[in-house]
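First up is the structure itself, then whatever we jot down about it.
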Amino acid sequence: FFAFYLRNTSLPSRSQFFLALLPFLPIRMVAVYEPSIYTHTLENLVVAYYFLFCMALSNRSLLLAAAAMVCCLLSRYAIVVWVPLFLWMLAFSGGRKKTQTFILLCATGIFFLYGLPFLSQDSQLLLKGFQYHTEAALGEWKGQAWQQAHEKPFQLFRGLGFAGIFYDHYNGSLEEKLRAFQCLHRLLCAATCVLLAIYFFIVRKRVAVTVFALASLKIYLAVFYHFIQIPYDYLFLTLLYASVPLLVFAMKRDKEKKRANTPGQADKNPLSVT
């Protein structure tokens, strides 16, 4: 899908070839240096969902974006706090009808894929999932079974995220540290979306909504994953792949500016949501 999308852009063949190969480079690097990510997780599938959503925004396909959004929401809750910001931007650019259609498509997909087969069997299933994740986080904050009692938790001190810094500097019991960090995580995610909404309102006439949506998603995911309670290394693959569509837009915009500055050439394909 990504390669097909690139073929329909005005980018030179060399740029299309480079961008088409770019998503495979992290896959190769992970396979060489961290193969356990592929043997123990399904993170590539989650990455594909988010990448598909970003490309759907780039392609301005409402149906595809809704389908990808459902996959993102059902695969991991990371995007939940950003969704209201996206809906507000969608309503601002596409009108109330398009926003209502998008919400209806997402709600229908979630109902038939999760609500009907799973939630109808156990109404507490979602809450149990969050509780299990908290229990798992507490276990990771206690450290691995093979670690000595005086050693710091392995997963918190691998150079990813701020959980380790918080662990070292916040006073309190282990449970109090974890609860405080969870509260900080929620607060920062919400504050990030509020600040992005304010900034979008300020620059709304000078920036394409599609570009701002992709950039805001990248910024939000950066905050979310760097302050997540268990900073597993594979989680950051999603954050990495969210940059690729932005690179495509940057290269497209650069080419369009050059074309607009060429005598007799006009910018016939401005970046905007239609």
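So you can find residues: chains in the structure tokens are A, B, ... in the order shown, residues in each start at 1, and ligands are numbered from 1 in order.
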
- Query: Which residues in stretch 22-247 of chain A does DSSP call helix (DSSP H, G or I)? List them as an NGL selection string.
  - Reply: :A and (24-33 or 36-40 or 43-59 or 62-75 or 77-119 or 125-142 or 154-156 or 163-169 or 174-203 or 209-226 or 233-241 or 243-247)

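Using only C-alpha atoms, the nearest neighbour of A:Thr210 within the list A:Gln16, A:Ser36, A:Thr238, A:Ser61 is A:Ser61.
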
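Considering only C-alpha atoms, the residue among A:Phe112, A:Phe249, A:Tyr241, A:Phe86 positioned nearest to A:Pro26 is A:Tyr241.
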
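The two atoms in question, atom CA of A:Ile27 and atom CA of A:Tyr114, are spaced 29.5 Å apart.
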
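Surrounding stretch 40-47 of chain A within 8 Å are Ser36, Ile37, Tyr38, Tyr49, Tyr50, Phe51, Cys72, Ser75, Arg76, Tyr234, Leu235, Leu237, Thr238 and Tyr241 of chain A, with only C-alpha atoms counted and residues fewer than 2 positions along the same chain left out.
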
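Taking atom CA of A:Leu116 and atom CA of A:His133 as endpoints, the distance between them is 22.9 Å.
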
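Note that the spacing between atom CA of A:Val209 and atom CA of A:Phe92 amounts to 8.8 Å.
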
Can you check which parts of stretch 177-235 of chain A lie within 8 Å of stretch 149-163 of chain A? Per residue, the shortest pair of atoms and distance in Å to one decimal, counting only C-alpha atoms, sorted by chain and number, as JSON lines.
{"residue": "A:Phe181", "atom": "CA", "partner": "A:Ala163", "partner_atom": "CA", "distance": 7.5}
{"residue": "A:Tyr225", "atom": "CA", "partner": "A:Gly161", "partner_atom": "CA", "distance": 6.9}
{"residue": "A:His226", "atom": "CA", "partner": "A:Gly161", "partner_atom": "CA", "distance": 4.0}
{"residue": "A:Phe227", "atom": "CA", "partner": "A:Phe162", "partner_atom": "CA", "distance": 5.6}
{"residue": "A:Ile228", "atom": "CA", "partner": "A:Gly161", "partner_atom": "CA", "distance": 7.1}
{"residue": "A:Gln229", "atom": "CA", "partner": "A:Ala163", "partner_atom": "CA", "distance": 6.2}
{"residue": "A:Ile230", "atom": "CA", "partner": "A:Leu156", "partner_atom": "CA", "distance": 6.8}
{"residue": "A:Pro231", "atom": "CA", "partner": "A:Gly161", "partner_atom": "CA", "distance": 5.9}
{"residue": "A:Tyr232", "atom": "CA", "partner": "A:Gln155", "partner_atom": "CA", "distance": 6.7}
{"residue": "A:Asp233", "atom": "CA", "partner": "A:Leu160", "partner_atom": "CA", "distance": 7.1}

Please, could you write that set of residues out with C-alpha atoms as a short mmCIF file (atom, residue, chain, number, x, y, z; two decimals), in the first residue's frame?
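Result written to result33.cif:
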data_model
loop_
_atom_site.label_atom_id
_atom_site.label_comp_id
_atom_site.auth_asym_id
_atom_site.auth_seq_id
_atom_site.Cartn_x
_atom_site.Cartn_y
_atom_site.Cartn_z
CA PHE A 181 4.08 7.92 37.60
CA TYR A 225 5.85 6.16 25.13
CA HIS A 226 8.61 8.08 26.88
CA PHE A 227 6.48 8.27 30.03
CA ILE A 228 4.92 4.82 29.81
CA GLN A 229 5.13 2.75 32.99
CA ILE A 230 6.97 -0.16 31.34
CA PRO A 231 9.31 1.14 28.60
CA TYR A 232 9.74 -2.07 26.63
CA ASP A 233 12.06 -1.51 23.69
#

- Taking only C-alpha atoms into account, which of A:Phe166, A:Phe224, A:Tyr132, A:Phe212 comes nearest A:Cys189? A:Phe224

Closest atom pairs, stretch 93-209 of chain A residues within 9 Å of stretch 64-68 of chain A, only C-alpha atoms, as CSV:
residue,atom,partner,partner_atom,distance
A:Phe102,CA,A:Ala66,CA,6.0
A:Ile103,CA,A:Ala66,CA,7.9
A:Leu105,CA,A:Ala66,CA,6.1
A:Cys106,CA,A:Ala66,CA,5.5
A:Gly109,CA,A:Ala67,CA,7.3

Could the residues in this selection be saved with C-alpha atoms as a compact mmCIF listing (two decimals), in the first residue's frame?
# COMPACT_ATOMS: atom_id res chain seq x y z
CA PHE A 102 -15.99 8.68 10.95
CA ILE A 103 -17.26 8.16 14.51
CA LEU A 105 -17.62 3.76 11.26
CA CYS A 106 -15.25 3.42 14.22
CA GLY A 109 -16.09 -1.66 13.90
